[in-house]
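Heads up: the structure comes next, in structure tokens.
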Amino acid sequence: MNELLKLPFEIQIVLVAGYLGYKLTTAARKVEHKTEDCLLQVLVFGTLGRALSFVVTKLLVKLGYSAPTAVVDTDYRSVLIIGAIAIAGSILFALAWRRFLDRAVKRLMSALNVYHDDHETSALRSLTSANARWSFIQIHLTSGKILESLFHRAEASGIPTKPLIINEDGIALYVTAVHRAEGEREEFDTIASSGENIVTYVPRSEIKQIDIGWKK
């Protein structure tokens with residue numbers, strides 16, 4: 001860490017801006033990259049952010065404003081202004097990639113017959129990243145029971161979280177009905193008699209199958 005702090009401010013700005021951009025593109029995806037891949041992505045986002053800061057400051061100078069166009073190690077004002085713009089630029093590029101460009105590149109590659117998968121780490125990740133609204137979910141347990149959650153019912157009861165939480169260790173949902181192994185269906189209320197919302201956690205080891213209802 002001390003070695004990084006001894007680097008010139010110009011390099012520190014690129015690394016900090018790039019790291020924030022990299023984290024935004026991988027947030028909630030649980031993607032693990034090799035060290036060289038991570039460093040290259042940090043440098044790409046950091047360089048894009050730094051290039052934007054150069055363009056912005058040059059434009060400000062042409063418009064008659066006082067703005068530094070280069071980082072001067074002895075001038076903390078230049079470090080602060082250029083660093084802030086570079087970080088903002090890196091974040092904007094990362095958000096654009098996450099929201100639009102990543103999906104566009106995948107569609108282009110598929111159209112060109114380069115590949116037809118979406119390069120997510122799992123089929124479940126592909127489901128959760130799809131641009132569709134989920135209406136209900138049914139969790140088939142190894143015991144034979146099926147837990148069902150109708151999201152509109154859960155949301156109408158004033159739940160404090162999203163109606164469904166999916167992580168590597170399992171799923172948390174607000175159960176609105178249970179289908180017994182014998183075929184019987186029993187309705188459930190997501191609010192206890194005392195007024196608290198009831199959320200059910202299902203470990204991954206107990207899940208046999210998942211059915212999802214969704215639409216655009």
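Every chain in the structure tokens has a letter given in the order shown (A, B, ...), and although residue numbers restart at 1 in each chain, ligands are simply numbered from 1 in the order shown.
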Which residues are near A:Val79? Cut-off 12 Å, only C-alpha atoms, ignore same chain within fewer than 4 positions. Put them as a PDB file with C-alpha atoms, in the first residue's frame.
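Result file follows (around10.pdb):
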ATOM      1  CA  PRO A   8       3.020   9.890  -9.072  1.00  0.00           C
ATOM      2  CA  PHE A   9      -0.462  11.399  -8.713  1.00  0.00           C
ATOM      3  CA  GLU A  10      -1.113  10.877 -12.440  1.00  0.00           C
ATOM      4  CA  ILE A  11      -0.788   7.107 -12.031  1.00  0.00           C
ATOM      5  CA  GLN A  12      -2.732   7.096  -8.744  1.00  0.00           C
ATOM      6  CA  ILE A  13      -5.649   8.884 -10.418  1.00  0.00           C
ATOM      7  CA  VAL A  14      -5.762   6.326 -13.239  1.00  0.00           C
ATOM      8  CA  ARG A  50      -8.351  10.279 -17.499  1.00  0.00           C
ATOM      9  CA  SER A  53     -10.828  14.642 -17.735  1.00  0.00           C
ATOM     10  CA  ALA A  67      -8.907  24.733 -15.028  1.00  0.00           C
ATOM     11  CA  PRO A  68      -5.720  22.629 -14.931  1.00  0.00           C
ATOM     12  CA  THR A  69      -5.125  20.519 -18.024  1.00  0.00           C
ATOM     13  CA  ALA A  70      -2.295  18.498 -16.456  1.00  0.00           C
ATOM     14  CA  VAL A  71      -1.616  16.973 -13.047  1.00  0.00           C
ATOM     15  CA  VAL A  72       1.026  18.857 -11.095  1.00  0.00           C
ATOM     16  CA  ASP A  73       2.340  16.969  -8.068  1.00  0.00           C
ATOM     17  CA  THR A  74       2.935  20.182  -6.126  1.00  0.00           C
ATOM     18  CA  ASP A  75      -0.500  21.630  -6.948  1.00  0.00           C
ATOM     19  CA  GLY A  83      -8.912  13.284 -10.216  1.00  0.00           C
ATOM     20  CA  ALA A  84     -12.597  14.050  -9.607  1.00  0.00           C
ATOM     21  CA  ILE A  85     -13.375  14.336 -13.329  1.00  0.00           C
ATOM     22  CA  ALA A  86     -11.410  11.167 -14.120  1.00  0.00           C
ATOM     23  CA  ILE A  87     -13.268   9.205 -11.453  1.00  0.00           C
TER      24      ILE A  87
END
**OP:** Extract the full set of alpha helix (DSSP H) residues from stretch 90-211 of chain A according to DSSP on the backbone, and format it as a PyMOL selection string.
**Re:** chain A and resi 90-96+102-111+123-129+151-156
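For the atom pair formed by atom CA of A:Leu101 and atom CA of A:Leu124, the distance is 21.4 Å, given to one decimal.
Distances to A:Thr25 were evaluated for A:Tyr174, A:Phe100, A:Trp134, A:Tyr201 using only C-alpha atoms, and the minimum falls at A:Phe100.
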Please report as JSON lines every residue of stretch 2-26 of chain A lying within 9 Å of stretch 36-47 of chain A, along with the nearest atom pair and their distance in Å (one decimal), using only C-alpha atoms.
{"residue": "A:Ile13", "atom": "CA", "partner": "A:Gly46", "partner_atom": "CA", "distance": 7.5}
{"residue": "A:Val14", "atom": "CA", "partner": "A:Gly46", "partner_atom": "CA", "distance": 4.3}
{"residue": "A:Leu15", "atom": "CA", "partner": "A:Gly46", "partner_atom": "CA", "distance": 5.9}
{"residue": "A:Val16", "atom": "CA", "partner": "A:Gly46", "partner_atom": "CA", "distance": 7.2}
{"residue": "A:Ala17", "atom": "CA", "partner": "A:Gly46", "partner_atom": "CA", "distance": 4.9}
{"residue": "A:Gly18", "atom": "CA", "partner": "A:Gly46", "partner_atom": "CA", "distance": 3.6}
{"residue": "A:Tyr19", "atom": "CA", "partner": "A:Val42", "partner_atom": "CA", "distance": 5.1}
{"residue": "A:Leu20", "atom": "CA", "partner": "A:Val42", "partner_atom": "CA", "distance": 8.1}
{"residue": "A:Gly21", "atom": "CA", "partner": "A:Phe45", "partner_atom": "CA", "distance": 5.8}
{"residue": "A:Tyr22", "atom": "CA", "partner": "A:Val42", "partner_atom": "CA", "distance": 5.7}
{"residue": "A:Lys23", "atom": "CA", "partner": "A:Val42", "partner_atom": "CA", "distance": 8.9}
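Neighbouring residues of A:Leu173 at 7 Å or closer, counting only C-alpha atoms and skipping chain neighbours under 6 positions away, are Ser149, Pro163, Leu164, Ile165, Val199, Thr200 and Tyr201 of chain A.
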Can I get the selected residues back with N, CA, C and O atoms, as a PDB file, in the first residue's frame?
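Listed below is the output, part30.pdb:
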ATOM      1  N   SER A 149     -44.143 -18.000  -4.293  1.00  0.00           N
ATOM      2  CA  SER A 149     -44.220 -16.587  -3.917  1.00  0.00           C
ATOM      3  C   SER A 149     -44.780 -15.797  -5.084  1.00  0.00           C
ATOM      4  O   SER A 149     -44.175 -15.750  -6.159  1.00  0.00           O
ATOM      5  N   PRO A 163     -38.874  -8.738  -3.215  1.00  0.00           N
ATOM      6  CA  PRO A 163     -39.637  -9.961  -2.924  1.00  0.00           C
ATOM      7  C   PRO A 163     -38.818 -11.247  -3.034  1.00  0.00           C
ATOM      8  O   PRO A 163     -39.261 -12.293  -2.581  1.00  0.00           O
ATOM      9  N   LEU A 164     -37.626 -11.156  -3.612  1.00  0.00           N
ATOM     10  CA  LEU A 164     -36.800 -12.354  -3.778  1.00  0.00           C
ATOM     11  C   LEU A 164     -35.327 -11.977  -3.663  1.00  0.00           C
ATOM     12  O   LEU A 164     -34.886 -10.983  -4.234  1.00  0.00           O
ATOM     13  N   ILE A 165     -34.578 -12.784  -2.910  1.00  0.00           N
ATOM     14  CA  ILE A 165     -33.139 -12.589  -2.771  1.00  0.00           C
ATOM     15  C   ILE A 165     -32.454 -13.897  -3.140  1.00  0.00           C
ATOM     16  O   ILE A 165     -32.722 -14.940  -2.535  1.00  0.00           O
ATOM     17  N   VAL A 199     -40.166 -13.787   6.193  1.00  0.00           N
ATOM     18  CA  VAL A 199     -39.347 -14.166   5.057  1.00  0.00           C
ATOM     19  C   VAL A 199     -38.770 -15.557   5.316  1.00  0.00           C
ATOM     20  O   VAL A 199     -38.392 -15.885   6.443  1.00  0.00           O
ATOM     21  N   THR A 200     -38.730 -16.377   4.280  1.00  0.00           N
ATOM     22  CA  THR A 200     -38.262 -17.759   4.397  1.00  0.00           C
ATOM     23  C   THR A 200     -36.937 -17.922   3.662  1.00  0.00           C
ATOM     24  O   THR A 200     -36.821 -17.535   2.496  1.00  0.00           O
ATOM     25  N   TYR A 201     -35.962 -18.501   4.353  1.00  0.00           N
ATOM     26  CA  TYR A 201     -34.662 -18.774   3.743  1.00  0.00           C
ATOM     27  C   TYR A 201     -34.566 -20.254   3.395  1.00  0.00           C
ATOM     28  O   TYR A 201     -34.841 -21.121   4.229  1.00  0.00           O
TER      29      TYR A 201
END
Original post:
Any idea what's packed within 12 Å of A:Gly144, counting only C-alpha atoms, ignoring anything in its chain fewer than 6 positions away? Could you give it as an NGL selection string?
Top reply: :A and (178-184 or 206-209)
Just the selected residues (C-alpha atoms), exported as a compact mmCIF listing (two decimals), in the first residue's frame, please.
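File again.txt, as written:
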# COMPACT_ATOMS: atom_id res chain seq x y z
CA VAL A 178 -47.12 -24.09 -0.21
CA HIS A 179 -47.83 -27.09 -2.45
CA ARG A 180 -47.62 -30.25 -0.34
CA ALA A 181 -46.10 -33.49 -1.64
CA GLU A 182 -49.60 -34.96 -1.56
CA GLY A 183 -50.82 -32.34 -4.04
CA GLU A 184 -52.62 -30.02 -1.63
CA GLU A 206 -32.56 -28.25 -0.24
CA ILE A 207 -33.47 -26.85 -3.69
CA LYS A 208 -34.30 -29.36 -6.41
CA GLN A 209 -35.81 -27.12 -9.08
Subject >> Residue with smallest distance to A:Arg204 - pool A:Thr190, A:Thr57, A:Thr142, A:Asn2, counting only C-alpha atoms >> reply: A:Thr142
Subject >> Computed interatomic separation between atom CA of A:Glu155 and atom CA of A:Pro203 (Å) >> reply: 22.8 Å
**OP:** Using only C-alpha atoms, find the one residue out of A:Lys215, A:Arg185, A:Arg99, A:Lys6 that sits nearest to A:Ser135.
**Re:** A:Lys215
Subject >> Pairwise distance for atom CA of A:Ala156 and atom CA of A:Ala192, rounded to one decimal in Å >> reply: 14.4 Å
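Minimum atom-to-atom distances from A:Phe54, A:Tyr65, A:Trp214, A:Trp97 to A:Gln138 were compared using only C-alpha atoms, and the lowest value belongs to A:Trp214.
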